[in-house]
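Participant: Could you have a look at this structure, given as structure tokens, before my questions?
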Amino acid sequence: MTPSFDLQHIISCVSGYDPNALRVDAALAVIQASMQPVQANERLAVRAALGRVLAQDIISPIDVPAHDNSAMDGYALRGADLAAQGDTVLSIAGRGLAGHAFSGEAPAGSAVRIMTGAVMPAGCDTVVPQEFCRVEGDQVIFPPGLVRPGDNRRLRGEDLARGKAALPAGKLLRPADLGLMASLGMAEVSVRRKLRVAFFSSGDELRSVGQPLDPGCVYDSNRYTLWGMLERLGCEVIDLGVVADNPQAVEAALRTATECADVVITSGGVSVGEADYLRSTLANMGEVVFWRIAMRPGRPLAFGQLRAGAHSAWLFGLPGNPVAVMVTFYAFVRPALLHCMGASPQPQPMLRAVSAQTLRKKPGRTEYQRGLLTALPDGRWQVSAIGNQGSGVLSSMSQAHGLIVLHHEQSTAQAGDLVDVLLFDGLV
Ligand SMILES: Nc1nc2c(c(=O)[nH]1)N[C@H]1C(S)=C(S)[C@@H](COP(=O)(O)OP(=O)(O)OC[C@H]3O[C@@H](n4cnc5c(N)ncnc54)[C@H](O)[C@@H]3O)O[C@H]1N2
Ligand code: MOO
Ligand SMILES: [Mg+2]
């Protein structure tokens with residue numbers, strides 16, 4: 001009898017190339033096209049809105065600043081009064097401080113003592129810093145050529161003019177935005193509601209911290225990394241614990257998650273092992289949009305939609321290996337959640353660095369390696385791949401500054417080549 005074999009399958013095993021695995025960029029496009037942003041909004045005090053997504057454009061209701069004012073401590077005067085050559089001597093007409101304006105118009109040929117933030121006296125258009133002047137009695141003397149007319153004055157509305165766009169809907173609110181809203185006098189703001197994200201770990205070998213570590217078991221670390229990444233994104237995080245390796249338990253947990261969350265994230269049980277039930281359960285409860293990505297680590301990622309009664313939720317079935325969880329989260333889940341939160345697209349925090357060594361890479365997939373950055377004397381960054389790149393090795397993930405991304409088309413990078421690094425500290 002002739003042995004039967006699947007040539008395509010053998011090629012894929014030998015080369016590591018998997019014809020059924022989606023490219024990273026294609027998977028991202030499918031995810032973005034499938035998932036819709038949440039629409040509901042809520043009104044929050046400005047401080048409570050940190051990290052939330054702005055629901056509406058904000059138009060400035062006032063001029064900021066509301067008045068022309070001084071940028072320096074010194075003397076306000078008419079720029080035209082400054083002589084091009086020789087000292088200019090002006091009498092001091094009075095004083096203006098921030099919150100205590102000089103009243104009236106500065107008489108011709110006079111200067112007004114002024115502090116930073118004080119309203120520019122009527123008639124004055126220029127401020128000379130006090131370091132440049134000499135005071136003699138009630139006169140102030142300005143040497144020539146130190147300032148130009150109009151210097152050291154901040155104009156009304158130069159930050160934001162009334163009626164101008166201040167912040168666009170979709171902005172992920174950062175500390176500067178809170179300050180900006182406060183500068184407009186806003187106490188409250190409309191933001192998108194939080195995204196509800198439920199997650200659980202699956203595996204009979206998993207023990208939660210606080211439990212004894214039985215033989216052959218590991219502590220469940222994925223619920224900690226996932227919790228951290230979701231908290232940083234500002235999601236409402238629902239931790240459904242550890243689920244056993246059996247189809248009934250996986251289905252029950254997915255049902256609970258679908259009933260309470262917009263997005264469900266699981267880790268483990270998504271590969272081809274005899275205790276891997278995630279994908280078949282997803283197929284029974286809804287649909288698998290894709291499974292397997294041309295990437296390493298993280299290849300067995302599953303994405304699909306779950307249904308439970310009237311509820312539905314999107315599912316990311318992340319591979320169980322702890323590094324694969326984090327890499328797939330940064331590559332897919334984070335952009336997807338930002339999209340669902342209603343955030344406008346933002347660039348990934350990437351920098352280009354010189355590779356310190358040869359980085360071997362197979363064609364036809366995207367590879368991610370944990371990297372350490374150092375500054376080179378010429379001002380460029382250098383990146384070195386950390387020793388143990390195993391998919392279960394969290395210590396190197398903890399040490400790394402970011403992920404070296406070796407793109408789909410890229411081949412092995414040689415020492416000295418420029419490579420992309422996705423920075424952990426730039427990620428919310
Ligand atoms: N024959 C094949 N075997 C495997 C393939 C494959 O393509 N063919 N893919 C490998 C890849 S790549 C990965 S990644 C894993 C993914 O496996 P699962 O998603 O099914 O995950 P598990 O089998 O449940 O666990 C894998 C590994 O990770 C540890 N783990 C799981 N959950 C946690 C947790 N919450 N905290 C800490 N550690 C966890 C688990 O103990 C296993 O060691 O499959 C490969 N196999
Ligand atoms: O690619 Mo798996 O994701 O080895 O860890
Ligand atoms: Mg498995």
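Lettering and numbering for the structure tokens are positional, with chains as A, B, ... in the shown order, residues counted from 1 in each chain, and ligands counted from 1 in the shown order.
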For Ser91 (chain A), find every residue with an atom within 9 Å (counting only C-alpha atoms), except residues of its own chain fewer than 2 positions away, and show them as a PyMOL selection string.

Facilitator: chain A and resi 89+93+109-112+138-141

Participant: Output C-alpha atoms for every residue in that selection, as a PDB file, in the first residue's frame.

Facilitator:
```pdb
ATOM      1  CA  VAL A  89      15.700 106.206  29.285  1.00  0.00           C
ATOM      2  CA  ALA A  93       4.716 104.734  35.266  1.00  0.00           C
ATOM      3  CA  GLY A 109       7.648 107.801  26.961  1.00  0.00           C
ATOM      4  CA  SER A 110       7.107 105.592  30.006  1.00  0.00           C
ATOM      5  CA  ALA A 111       7.682 101.955  30.950  1.00  0.00           C
ATOM      6  CA  VAL A 112       5.639  99.836  33.351  1.00  0.00           C
ATOM      7  CA  ASP A 138      12.123 106.410  39.035  1.00  0.00           C
ATOM      8  CA  GLN A 139      13.716 105.842  35.650  1.00  0.00           C
ATOM      9  CA  VAL A 140      14.729 102.699  33.823  1.00  0.00           C
ATOM     10  CA  ILE A 141      17.551 102.587  31.280  1.00  0.00           C
TER      11      ILE A 141
END
```

Participant: Give me the residues within 7 Å of region 289-300 of chain A as a list in words, counting only C-alpha atoms and dropping any in the same chain fewer than 6 places off.

Facilitator: Asp18, Ala21, Leu22, Arg23, Val24, Val270, Ser271, Pro319, Ala324, Val327, Thr328, Gly364, Arg365, Thr366, Glu367, Tyr368 and Ser391 of chain A

Participant: Which residue is closest to ligand 2? Choose from A:Thr225, A:Gln32, A:Asn321, A:Gln305 and count only C-alpha atoms and all ligand atoms.

Facilitator: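 Smallest separation from ligand 2 among the options: A:Asn321.
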
Participant: Just checking: using only C-alpha atoms, which residue out of A:Glu259, A:Ser60, A:Leu373, A:Val147 ends up closest to His311 (chain A)?

Facilitator: A:Glu259

Participant: Considering only C-alpha atoms, return as an MDAnalysis selection string whatever protein or nucleic-acid residues lie within 9 Å of Leu97 (chain A), sequence-local ones (same chain, fewer than 5 positions apart) excluded.

Facilitator: chainID A and resid 102 113:119

Participant: How about saving the chosen residues, N, CA, C and O atoms kept, as an mmCIF file, in the first residue's frame?

Facilitator:
```cif
data_model
loop_
_atom_site.group_PDB
_atom_site.id
_atom_site.type_symbol
_atom_site.label_atom_id
_atom_site.label_comp_id
_atom_site.auth_asym_id
_atom_site.auth_seq_id
_atom_site.Cartn_x
_atom_site.Cartn_y
_atom_site.Cartn_z
ATOM 1 N N PHE A 102 -1.846 96.578 35.754
ATOM 2 C CA PHE A 102 -1.636 98.024 35.741
ATOM 3 C C PHE A 102 -2.886 98.619 35.111
ATOM 4 O O PHE A 102 -3.320 98.170 34.053
ATOM 5 N N ARG A 113 6.695 98.651 35.167
ATOM 6 C CA ARG A 113 7.284 97.468 35.808
ATOM 7 C C ARG A 113 6.272 96.345 35.671
ATOM 8 O O ARG A 113 5.073 96.539 36.003
ATOM 9 N N ILE A 114 6.691 95.181 35.165
ATOM 10 C CA ILE A 114 5.700 94.121 34.897
ATOM 11 C C ILE A 114 6.273 92.760 35.267
ATOM 12 O O ILE A 114 7.497 92.542 35.179
ATOM 13 N N MET A 115 5.403 91.860 35.722
ATOM 14 C CA MET A 115 5.815 90.491 36.071
ATOM 15 C C MET A 115 5.211 89.512 35.065
ATOM 16 O O MET A 115 4.199 89.810 34.421
ATOM 17 N N THR A 116 5.817 88.341 34.999
ATOM 18 C CA THR A 116 5.355 87.291 34.085
ATOM 19 C C THR A 116 3.874 86.995 34.341
ATOM 20 O O THR A 116 3.492 86.765 35.487
ATOM 21 N N GLY A 117 3.103 87.012 33.289
ATOM 22 C CA GLY A 117 1.676 86.674 33.406
ATOM 23 C C GLY A 117 0.794 87.893 33.633
ATOM 24 O O GLY A 117 -0.434 87.783 33.542
ATOM 25 N N ALA A 118 1.387 89.059 33.910
ATOM 26 C CA ALA A 118 0.567 90.259 34.118
ATOM 27 C C ALA A 118 0.028 90.754 32.774
ATOM 28 O O ALA A 118 0.700 90.631 31.744
ATOM 29 N N VAL A 119 -1.176 91.302 32.819
ATOM 30 C CA VAL A 119 -1.806 91.845 31.598
ATOM 31 C C VAL A 119 -0.909 92.955 31.037
ATOM 32 O O VAL A 119 -0.404 93.795 31.791
#
```

Participant: Of the candidates A:Ala244, A:Leu403, A:Val272, A:Met229, which shows the shortest atom-to-atom distance to Val333 (chain A), using only C-alpha atoms?

Facilitator: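 When distances to Val333 (chain A) are compared using only C-alpha atoms, the smallest one comes from A:Met229.
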
Participant: Find the residues near region 205-218 of chain A: any atom within 10 Å, counting only C-alpha atoms, skip ones fewer than 5 places away on the same chain, and give them as JSON, numbers by chain.

Facilitator: {"A": [223, 241, 242, 243, 244, 245]}

Participant: For a test of reading the model, state the distance in Å between atom 3 (O, counted along the ligand's line) of ligand 2 and CA of Arg360 (chain A), rounded to one decimal.

Facilitator: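 For atom 3 (O, counted along the ligand's line) of ligand 2 relative to CA of Arg360 (chain A), the distance reads 17.1 Å.
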